[in-house]
>>> print(open('target-v9.cif').read())   # mmCIF, C-alpha atoms
data_upload
loop_
_atom_site.group_PDB
_atom_site.id
_atom_site.type_symbol
_atom_site.label_atom_id
_atom_site.label_comp_id
_atom_site.auth_asym_id
_atom_site.auth_seq_id
_atom_site.Cartn_x
_atom_site.Cartn_y
_atom_site.Cartn_z
ATOM 1 C CA MET S 1 0.948 -58.675 35.399
ATOM 2 C CA ARG S 2 -1.626 -56.660 37.311
ATOM 3 C CA ARG S 3 -4.628 -55.482 35.325
ATOM 4 C CA ILE S 4 -5.023 -51.691 35.045
ATOM 5 C CA ALA S 5 -8.415 -51.560 33.331
ATOM 6 C CA GLY S 6 -9.830 -50.004 36.487
ATOM 7 C CA LEU S 7 -7.531 -47.012 35.995
ATOM 8 C CA LEU S 8 -8.831 -46.340 32.494
ATOM 9 C CA VAL S 9 -12.491 -45.832 33.356
ATOM 10 C CA ALA S 10 -14.507 -44.662 36.334
ATOM 11 C CA PRO S 11 -15.324 -47.551 38.718
ATOM 12 C CA LEU S 12 -18.298 -49.654 37.658
ATOM 13 C CA LEU S 13 -20.884 -51.187 39.937
ATOM 14 C CA LEU S 14 -20.206 -54.843 40.769
ATOM 15 C CA LEU S 15 -16.646 -54.548 39.513
ATOM 16 C CA SER S 16 -14.820 -52.584 42.169
ATOM 17 C CA ALA S 17 -17.352 -50.541 44.090
ATOM 18 C CA VAL S 18 -21.025 -50.226 44.865
ATOM 19 C CA ALA S 19 -22.782 -46.934 44.354
ATOM 20 C CA CYS S 20 -24.423 -45.174 47.250
ATOM 21 C CA GLY S 21 -27.614 -46.671 48.589
ATOM 22 C CA SER S 22 -31.049 -45.793 47.336
ATOM 23 C CA ASP S 23 -33.652 -44.209 49.589
ATOM 24 C CA ASP S 24 -36.352 -46.543 48.277
ATOM 25 C CA LYS S 25 -37.666 -49.057 50.759
ATOM 26 C CA ALA S 26 -39.515 -52.246 50.018
ATOM 27 C CA SER S 27 -42.260 -53.719 52.108
ATOM 28 C CA ASP S 28 -41.100 -56.534 54.385
ATOM 29 C CA SER S 29 -44.653 -57.748 54.927
ATOM 30 C CA ALA S 30 -45.087 -59.200 51.458
ATOM 31 C CA SER S 31 -44.614 -62.950 51.177
ATOM 32 C CA SER S 32 -41.871 -64.536 49.159
ATOM 33 C CA LYS S 33 -42.659 -66.252 45.881
ATOM 34 C CA ASN S 34 -40.978 -69.456 44.704
ATOM 35 C CA GLY S 35 -38.392 -69.024 47.432
ATOM 36 C CA VAL S 36 -37.332 -65.559 46.280
ATOM 37 C CA PRO S 37 -38.459 -62.161 47.602
ATOM 38 C CA ALA S 38 -41.647 -61.029 45.879
ATOM 39 C CA ILE S 39 -41.799 -58.024 43.565
ATOM 40 C CA THR S 40 -44.462 -55.861 45.201
ATOM 41 C CA ALA S 41 -44.556 -53.080 42.602
ATOM 42 C CA GLY S 42 -43.140 -52.410 39.145
ATOM 43 C CA ALA S 43 -43.284 -56.068 38.131
ATOM 44 C CA LYS S 44 -43.292 -55.506 34.361
ATOM 45 C CA PHE S 45 -40.163 -55.485 32.213
ATOM 46 C CA GLY S 46 -38.837 -51.928 32.022
ATOM 47 C CA GLU S 47 -40.473 -50.771 35.250
ATOM 48 C CA LYS S 48 -38.423 -50.048 38.344
ATOM 49 C CA PRO S 49 -39.251 -52.913 40.713
ATOM 50 C CA THR S 50 -39.831 -52.857 44.448
ATOM 51 C CA LEU S 51 -38.701 -55.955 46.308
ATOM 52 C CA SER S 52 -39.959 -57.403 49.566
ATOM 53 C CA LYS S 53 -37.494 -58.402 52.257
ATOM 54 C CA GLY S 54 -36.381 -62.025 52.158
ATOM 55 C CA LYS S 55 -38.060 -64.381 54.643
ATOM 56 C CA GLY S 56 -36.287 -67.067 56.575
ATOM 57 C CA ASP S 57 -32.909 -68.434 55.568
ATOM 58 C CA PRO S 58 -31.759 -67.576 52.045
ATOM 59 C CA PRO S 59 -30.941 -70.289 49.493
ATOM 60 C CA LYS S 60 -27.458 -71.753 49.833
ATOM 61 C CA GLU S 61 -26.964 -71.936 46.073
ATOM 62 C CA LEU S 62 -27.419 -69.523 43.179
ATOM 63 C CA LYS S 63 -31.062 -69.218 42.180
ATOM 64 C CA THR S 64 -32.322 -67.713 38.919
ATOM 65 C CA GLU S 65 -36.047 -67.071 38.622
ATOM 66 C CA VAL S 66 -37.474 -65.965 35.265
ATOM 67 C CA ILE S 67 -40.095 -63.311 35.979
ATOM 68 C CA SER S 68 -40.982 -62.793 32.316
ATOM 69 C CA GLU S 69 -39.258 -64.453 29.374
ATOM 70 C CA GLY S 70 -38.212 -62.499 26.310
ATOM 71 C CA ASP S 71 -38.082 -63.795 22.762
ATOM 72 C CA GLY S 72 -34.497 -62.791 21.975
ATOM 73 C CA ALA S 73 -31.335 -64.845 21.688
ATOM 74 C CA LYS S 74 -29.972 -66.770 24.653
ATOM 75 C CA LEU S 75 -26.998 -65.151 26.360
ATOM 76 C CA LYS S 76 -23.599 -66.813 26.030
ATOM 77 C CA ASN S 77 -20.254 -66.146 27.653
ATOM 78 C CA GLY S 78 -18.447 -63.518 25.623
ATOM 79 C CA ASP S 79 -21.619 -61.630 24.658
ATOM 80 C CA ALA S 80 -21.660 -57.884 25.253
ATOM 81 C CA ILE S 81 -24.912 -57.234 27.063
ATOM 82 C CA GLN S 82 -26.836 -54.248 28.339
ATOM 83 C CA VAL S 83 -29.113 -54.475 31.361
ATOM 84 C CA ASN S 84 -31.099 -52.506 33.888
ATOM 85 C CA TYR S 85 -31.081 -53.804 37.460
ATOM 86 C CA LEU S 86 -32.026 -53.262 41.073
ATOM 87 C CA GLY S 87 -30.141 -54.911 43.906
ATOM 88 C CA GLN S 88 -30.658 -55.337 47.619
ATOM 89 C CA SER S 89 -29.535 -57.693 50.360
ATOM 90 C CA TRP S 90 -31.753 -60.615 51.349
ATOM 91 C CA ASP S 91 -32.261 -59.337 54.906
ATOM 92 C CA SER S 92 -32.738 -55.681 53.945
ATOM 93 C CA ASP S 93 -35.725 -53.620 52.866
ATOM 94 C CA LYS S 94 -33.486 -50.993 51.241
ATOM 95 C CA PRO S 95 -31.957 -51.367 47.759
ATOM 96 C CA PHE S 96 -28.234 -50.629 47.696
ATOM 97 C CA ASP S 97 -28.253 -49.633 44.036
ATOM 98 C CA ASN S 98 -30.292 -49.523 40.861
ATOM 99 C CA SER S 99 -29.782 -48.324 37.309
ATOM 100 C CA PHE S 100 -33.411 -47.336 36.768
ATOM 101 C CA ASP S 101 -33.051 -44.084 38.712
ATOM 102 C CA ARG S 102 -29.861 -43.176 36.828
ATOM 103 C CA LYS S 103 -31.610 -43.846 33.514
ATOM 104 C CA GLN S 104 -28.318 -45.333 32.366
ATOM 105 C CA PRO S 105 -28.259 -49.068 31.582
ATOM 106 C CA PHE S 106 -25.225 -51.081 32.624
ATOM 107 C CA ASP S 107 -22.948 -52.605 29.956
ATOM 108 C CA LEU S 108 -20.783 -55.664 30.501
ATOM 109 C CA THR S 109 -19.204 -58.611 28.739
ATOM 110 C CA LEU S 110 -20.709 -61.793 30.121
ATOM 111 C CA GLY S 111 -18.193 -64.224 31.561
ATOM 112 C CA ALA S 112 -15.357 -61.712 31.440
ATOM 113 C CA GLY S 113 -15.073 -61.302 35.205
ATOM 114 C CA MET S 114 -16.313 -57.708 35.068
ATOM 115 C CA VAL S 115 -19.017 -58.455 37.637
ATOM 116 C CA ILE S 116 -19.559 -60.735 40.599
ATOM 117 C CA GLN S 117 -19.712 -64.436 39.745
ATOM 118 C CA GLY S 118 -23.418 -64.671 40.514
ATOM 119 C CA TRP S 119 -24.153 -62.414 37.574
ATOM 120 C CA ASP S 120 -21.830 -64.211 35.174
ATOM 121 C CA LYS S 121 -23.265 -67.605 36.128
ATOM 122 C CA GLY S 122 -26.900 -66.614 36.608
ATOM 123 C CA LEU S 123 -27.436 -64.733 33.349
ATOM 124 C CA VAL S 124 -25.949 -67.309 30.964
ATOM 125 C CA GLY S 125 -28.741 -68.975 28.981
ATOM 126 C CA GLN S 126 -31.330 -66.282 29.695
ATOM 127 C CA LYS S 127 -33.037 -64.631 26.725
ATOM 128 C CA VAL S 128 -32.794 -61.022 25.619
ATOM 129 C CA GLY S 129 -35.992 -59.236 26.614
ATOM 130 C CA SER S 130 -36.341 -61.245 29.827
ATOM 131 C CA ARG S 131 -36.695 -60.044 33.382
ATOM 132 C CA VAL S 132 -34.937 -62.374 35.799
ATOM 133 C CA GLN S 133 -34.407 -62.402 39.527
ATOM 134 C CA LEU S 134 -31.078 -63.592 40.914
ATOM 135 C CA VAL S 135 -30.503 -64.739 44.483
ATOM 136 C CA ILE S 136 -26.742 -64.860 44.941
ATOM 137 C CA PRO S 137 -25.022 -66.573 47.892
ATOM 138 C CA PRO S 138 -22.040 -64.814 49.491
ATOM 139 C CA GLU S 139 -19.388 -66.952 47.796
ATOM 140 C CA LEU S 140 -20.670 -65.788 44.398
ATOM 141 C CA GLY S 141 -21.106 -62.203 45.592
ATOM 142 C CA TYR S 142 -18.803 -60.218 47.878
ATOM 143 C CA GLY S 143 -17.963 -63.053 50.261
ATOM 144 C CA GLU S 144 -16.717 -62.449 53.749
ATOM 145 C CA GLN S 145 -15.448 -58.918 53.158
ATOM 146 C CA GLY S 146 -18.640 -57.267 51.853
ATOM 147 C CA GLN S 147 -18.526 -54.114 49.746
ATOM 148 C CA GLY S 148 -19.735 -50.587 50.455
ATOM 149 C CA ASP S 149 -23.230 -50.804 51.936
ATOM 150 C CA ILE S 150 -23.234 -54.593 51.519
ATOM 151 C CA LYS S 151 -22.451 -56.444 54.733
ATOM 152 C CA PRO S 152 -19.992 -59.347 54.912
ATOM 153 C CA LYS S 153 -21.474 -62.752 54.008
ATOM 154 C CA ALA S 154 -24.557 -61.088 52.506
ATOM 155 C CA THR S 155 -26.906 -62.943 50.176
ATOM 156 C CA LEU S 156 -27.800 -60.588 47.337
ATOM 157 C CA VAL S 157 -31.037 -60.258 45.384
ATOM 158 C CA PHE S 158 -31.162 -58.634 41.955
ATOM 159 C CA VAL S 159 -33.927 -57.971 39.472
ATOM 160 C CA VAL S 160 -32.330 -57.722 36.024
ATOM 161 C CA ASP S 161 -33.906 -56.622 32.731
ATOM 162 C CA ILE S 162 -31.860 -57.928 29.777
ATOM 163 C CA LEU S 163 -32.109 -55.167 27.188
ATOM 164 C CA LYS S 164 -29.831 -56.383 24.399
ATOM 165 C CA ALA S 165 -26.856 -58.560 23.547
ATOM 166 C CA THR S 166 -24.171 -58.507 20.875
ATOM 167 C CA GLN S 167 -21.963 -61.410 19.830
ATOM 168 C CA ILE S 168 -18.303 -60.460 19.969
ATOM 169 C CA PRO S 169 -15.932 -61.468 17.153
ATOM 170 C CA ALA S 170 -12.534 -62.909 18.008
ATOM 171 C CA SER S 171 -10.575 -60.209 16.207
ATOM 172 C CA ALA S 172 -10.736 -56.956 14.324
ATOM 173 C CA LYS S 173 -10.859 -57.344 10.554
ATOM 174 C CA GLY S 174 -10.541 -54.873 7.713
ATOM 175 C CA THR S 175 -8.338 -53.384 5.058
ATOM 176 C CA GLU S 176 -4.669 -53.117 5.974
ATOM 177 C CA VAL S 177 -3.535 -49.505 6.233
ATOM 178 C CA ALA S 178 0.078 -48.672 5.397
ATOM 179 C CA GLN S 179 2.320 -48.113 8.410
ATOM 180 C CA ASP S 180 5.087 -46.219 6.673
ATOM 181 C CA ASN S 181 6.071 -43.723 9.393
ATOM 182 C CA THR S 182 9.280 -45.160 10.816
ATOM 183 C CA ASP S 183 8.974 -42.936 13.902
ATOM 184 C CA LEU S 184 5.779 -44.725 15.024
ATOM 185 C CA PRO S 185 5.223 -48.224 16.420
ATOM 186 C CA LYS S 186 4.338 -51.017 13.999
ATOM 187 C CA VAL S 187 1.358 -53.197 14.872
ATOM 188 C CA GLY S 188 0.813 -56.717 13.555
ATOM 189 C CA VAL S 189 -2.105 -57.431 11.244
ATOM 190 C CA LYS S 190 -2.914 -61.069 12.003
ATOM 191 C CA THR S 191 -6.582 -61.711 12.787
ATOM 192 C CA ASP S 192 -6.318 -65.002 14.656
ATOM 193 C CA GLY S 193 -7.676 -63.645 17.941
ATOM 194 C CA LYS S 194 -4.222 -63.520 19.503
ATOM 195 C CA ALA S 195 -2.473 -60.351 20.648
ATOM 196 C CA PRO S 196 -0.917 -58.451 17.742
ATOM 197 C CA THR S 197 2.786 -57.724 17.831
ATOM 198 C CA VAL S 198 3.772 -54.153 18.691
ATOM 199 C CA THR S 199 7.255 -52.940 17.767
ATOM 200 C CA ILE S 200 8.228 -49.584 19.255
ATOM 201 C CA PRO S 201 11.067 -47.636 17.584
ATOM 202 C CA LYS S 202 14.116 -46.367 19.453
ATOM 203 C CA SER S 203 13.326 -42.763 18.527
ATOM 204 C CA ASP S 204 11.691 -40.206 20.811
ATOM 205 C CA PRO S 205 7.894 -40.491 21.120
ATOM 206 C CA PRO S 206 5.585 -37.973 19.445
ATOM 207 C CA LYS S 207 4.382 -35.045 21.539
ATOM 208 C CA LYS S 208 0.810 -35.206 20.244
ATOM 209 C CA LEU S 209 -1.809 -37.940 20.311
ATOM 210 C CA VAL S 210 -1.585 -40.477 17.486
ATOM 211 C CA SER S 211 -4.703 -42.442 16.494
ATOM 212 C CA ASN S 212 -4.146 -44.428 13.300
ATOM 213 C CA TYR S 213 -5.919 -47.331 11.658
ATOM 214 C CA VAL S 214 -3.966 -50.559 11.342
ATOM 215 C CA LEU S 215 -6.950 -52.490 9.990
ATOM 216 C CA GLU S 216 -9.852 -50.314 8.828
ATOM 217 C CA SER S 217 -13.275 -51.906 8.919
ATOM 218 C CA ASP S 218 -16.487 -50.614 7.344
ATOM 219 C CA GLY S 219 -18.391 -50.705 10.638
ATOM 220 C CA GLU S 220 -20.277 -47.938 12.388
ATOM 221 C CA VAL S 221 -18.402 -44.908 13.656
ATOM 222 C CA VAL S 222 -17.856 -44.836 17.422
ATOM 223 C CA LYS S 223 -19.478 -41.935 19.274
ATOM 224 C CA GLU S 224 -18.715 -40.579 22.724
ATOM 225 C CA SER S 225 -22.067 -41.873 23.973
ATOM 226 C CA ASP S 226 -21.225 -45.475 22.989
ATOM 227 C CA SER S 227 -19.839 -48.302 25.069
ATOM 228 C CA VAL S 228 -17.228 -50.255 23.147
ATOM 229 C CA VAL S 229 -16.025 -53.819 23.584
ATOM 230 C CA VAL S 230 -12.286 -54.030 23.047
ATOM 231 C CA ASN S 231 -9.208 -56.193 23.241
ATOM 232 C CA TYR S 232 -5.952 -54.348 23.663
ATOM 233 C CA VAL S 233 -2.255 -54.482 24.356
ATOM 234 C CA GLY S 234 -0.859 -51.592 26.426
ATOM 235 C CA MET S 235 2.845 -50.739 26.475
ATOM 236 C CA ILE S 236 5.186 -48.038 27.746
ATOM 237 C CA TRP S 237 7.126 -46.344 24.946
ATOM 238 C CA LYS S 238 10.303 -46.231 27.004
ATOM 239 C CA ASP S 239 11.831 -49.723 27.200
ATOM 240 C CA ALA S 240 8.825 -51.123 25.238
ATOM 241 C CA LYS S 241 7.472 -52.661 28.438
ATOM 242 C CA GLU S 242 4.016 -54.250 28.335
ATOM 243 C CA PHE S 243 1.772 -53.246 31.253
ATOM 244 C CA ASP S 244 -1.542 -54.801 30.243
ATOM 245 C CA ASN S 245 -2.901 -57.335 27.770
ATOM 246 C CA THR S 246 -6.522 -58.459 27.612
ATOM 247 C CA TYR S 247 -5.724 -61.161 25.064
ATOM 248 C CA SER S 248 -3.681 -63.053 27.644
ATOM 249 C CA THR S 249 -6.723 -63.369 29.918
ATOM 250 C CA GLY S 250 -9.150 -64.326 27.151
ATOM 251 C CA LYS S 251 -11.523 -61.651 28.430
ATOM 252 C CA THR S 252 -12.497 -58.496 26.585
ATOM 253 C CA GLN S 253 -13.161 -55.162 28.276
ATOM 254 C CA THR S 254 -16.245 -52.989 27.849
ATOM 255 C CA PHE S 255 -15.539 -49.263 28.053
ATOM 256 C CA PRO S 256 -18.428 -46.783 28.360
ATOM 257 C CA LEU S 257 -16.587 -43.948 26.604
ATOM 258 C CA SER S 258 -18.363 -41.296 28.655
ATOM 259 C CA GLN S 259 -16.658 -42.811 31.727
ATOM 260 C CA VAL S 260 -13.179 -43.299 30.265
ATOM 261 C CA THR S 261 -10.805 -41.193 32.354
ATOM 262 C CA LEU S 262 -7.691 -41.668 30.203
ATOM 263 C CA LYS S 263 -8.152 -38.728 27.847
ATOM 264 C CA GLY S 264 -6.006 -40.027 24.999
ATOM 265 C CA LEU S 265 -7.724 -43.406 24.990
ATOM 266 C CA LYS S 266 -11.162 -41.831 24.836
ATOM 267 C CA THR S 267 -10.247 -39.257 22.178
ATOM 268 C CA GLY S 268 -8.357 -41.828 20.128
ATOM 269 C CA LEU S 269 -11.299 -44.237 19.876
ATOM 270 C CA ILE S 270 -14.022 -41.692 19.105
ATOM 271 C CA ASP S 271 -14.778 -41.471 15.351
ATOM 272 C CA LYS S 272 -13.029 -44.768 14.632
ATOM 273 C CA LYS S 273 -15.010 -47.603 13.023
ATOM 274 C CA VAL S 274 -16.260 -50.665 14.863
ATOM 275 C CA GLY S 275 -14.380 -53.774 13.759
ATOM 276 C CA SER S 276 -11.098 -51.918 13.234
ATOM 277 C CA ARG S 277 -7.646 -52.235 14.795
ATOM 278 C CA VAL S 278 -6.170 -48.941 15.925
ATOM 279 C CA LEU S 279 -2.735 -47.766 17.045
ATOM 280 C CA LEU S 280 -2.810 -45.180 19.823
ATOM 281 C CA VAL S 281 0.242 -43.291 21.042
ATOM 282 C CA ILE S 282 -0.749 -41.250 24.075
ATOM 283 C CA PRO S 283 1.566 -38.516 25.391
ATOM 284 C CA PRO S 284 1.811 -38.003 29.168
ATOM 285 C CA ASP S 285 -0.509 -34.994 29.236
ATOM 286 C CA GLN S 286 -3.315 -37.216 27.856
ATOM 287 C CA ALA S 287 -2.311 -40.257 29.919
ATOM 288 C CA PHE S 288 -1.383 -40.269 33.629
ATOM 289 C CA GLY S 289 0.804 -37.155 33.557
ATOM 290 C CA ASP S 290 3.180 -36.773 36.475
ATOM 291 C CA GLN S 291 1.446 -39.488 38.515
ATOM 292 C CA GLN S 292 2.870 -43.001 38.715
ATOM 293 C CA GLN S 293 0.215 -45.695 38.264
ATOM 294 C CA GLN S 294 1.177 -49.200 39.336
ATOM 295 C CA ALA S 295 3.930 -50.290 36.902
ATOM 296 C CA ILE S 296 3.600 -47.145 34.780
ATOM 297 C CA PRO S 297 6.189 -44.481 35.710
ATOM 298 C CA LYS S 298 5.191 -40.842 35.810
ATOM 299 C CA ASN S 299 5.433 -38.863 32.552
ATOM 300 C CA SER S 300 5.155 -42.026 30.456
ATOM 301 C CA THR S 301 4.074 -42.093 26.830
ATOM 302 C CA LEU S 302 1.696 -45.028 26.364
ATOM 303 C CA VAL S 303 1.170 -47.208 23.305
ATOM 304 C CA PHE S 304 -2.021 -49.178 22.699
ATOM 305 C CA ALA S 305 -2.995 -51.582 19.958
ATOM 306 C CA VAL S 306 -6.795 -51.768 20.231
ATOM 307 C CA ASP S 307 -9.275 -54.039 18.472
ATOM 308 C CA ILE S 308 -12.688 -52.340 18.537
ATOM 309 C CA LEU S 309 -14.802 -55.482 18.475
ATOM 310 C CA ALA S 310 -18.302 -54.103 19.018
ATOM 311 C CA LYS S 311 -20.317 -51.285 20.453
ATOM 312 C CA VAL S 312 -23.348 -51.580 22.682
#
>>> encode(input="target-v9.cif", output="structure tokens")
Amino acid sequence: MRRIAGLLVAPLLLLSAVACGSDDKASDSASSKNGVPAITAGAKFGEKPTLSKGKGDPPKELKTEVISEGDGAKLKNGDAIQVNYLGQSWDSDKPFDNSFDRKQPFDLTLGAGMVIQGWDKGLVGQKVGSRVQLVIPPELGYGEQGQGDIKPKATLVFVVDILKATQIPASAKGTEVAQDNTDLPKVGVKTDGKAPTVTIPKSDPPKKLVSNYVLESDGEVVKESDSVVVNYVGMIWKDAKEFDNTYSTGKTQTFPLSQVTLKGLKTGLIDKKVGSRVLLVIPPDQAFGDQQQQAIPKNSTLVFAVDILAKV
């Protein structure tokens, strides 16, 4: 089953595309430090750094250099983290992207395959509040094909500020809410971390968006400005065909709601409580409309069972 998470939100850096290059240039006259390109300006946590060009041959293996160590918790796979970063190629004096200029930190779930492997491997064990520098060999970056402004077989250099991290529970938990409308799908209420069952009735789907609690938690209310960490099952109402399932991969998804392009998904999650399980029934005009998307036929009504595990 092909994942469709990329269709639900705008493309994220390091996941499917690299943003356009920055005009900032670093000095290539500065010496390297500890085998990694030196930070020639903006060295403190929170400041936009300027990196020198790498000298000589880059390391063959992943290298993580702690520039300044924070006093927060150590990062683990499965944590939802928020970072600022700047990235450039080893042999370049021009950054290809940075979040500092956008003033919008980057959210991800560590170890979930949302980013290149060098990030997932290099950030594990680092402390919240730290600034680290990653030197990532091609096989843990974009390999032989490259990406955007990044050349094939490029060694990548990142400066990453780890802003915060949240531990992600295995399942939604809360008070069971009655599912007594026989014209709507029924969602299972087990909280064992496995995908809940979803039973779709034979009747015609509703014409309007449905967003109902299955398990209602007492967590914070989700706002449009939040990024949420979710597990979900996605199905097509007609024929009750499953098209996506994050539980089967063991990897959650982090959705910055401001970037969610599937209108019904975004609207259906806003104002719901973190920690809850929600049933969404999304009519075609708030889904993909008259456009076929991978295994989803045009004019499909979509059904989601979503565990809202955390917000960052």
>>> axis_aligned_box(input="target-v9.cif", around="segment 188-195 of chain S", padding_each_side="8 Å", output="lines of an AutoDock Vina configuration file")
center_x = -3.4
center_y = -60.9
center_z = 15.9
size_x = 24.5
size_y = 24.3
size_z = 25.4
>>> closest_residue(input="target-v9.cif", among="S:Ala305, S:Val278, S:Leu265, S:Ile39", to="Pro196 of chain S", atoms="all atoms listed in the file")
S:Ala305
>>> residues_around(input="target-v9.cif", residues="segment 199-203 of chain S", least_positions_apart="6", cutoff="8 Å", atoms="only C-alpha atoms", output="ChimeraX atom specification")
/S:182-187,237,240
>>> residues_around(input="target-v9.cif", residues="Asp161 of chain S", least_positions_apart="3", cutoff="8 Å", atoms="only C-alpha atoms", output="list in words")
Phe45, Gly46, Val83, Asn84, Tyr85, Gly129, Ser130, Arg131 and Val132 of chain S
>>> closest_residue(input="target-v9.cif", among="S:Gly289, S:Pro105, S:Gly122, S:Gly78", to="Leu140 of chain S", atoms="all atoms listed in the file")
S:Gly122
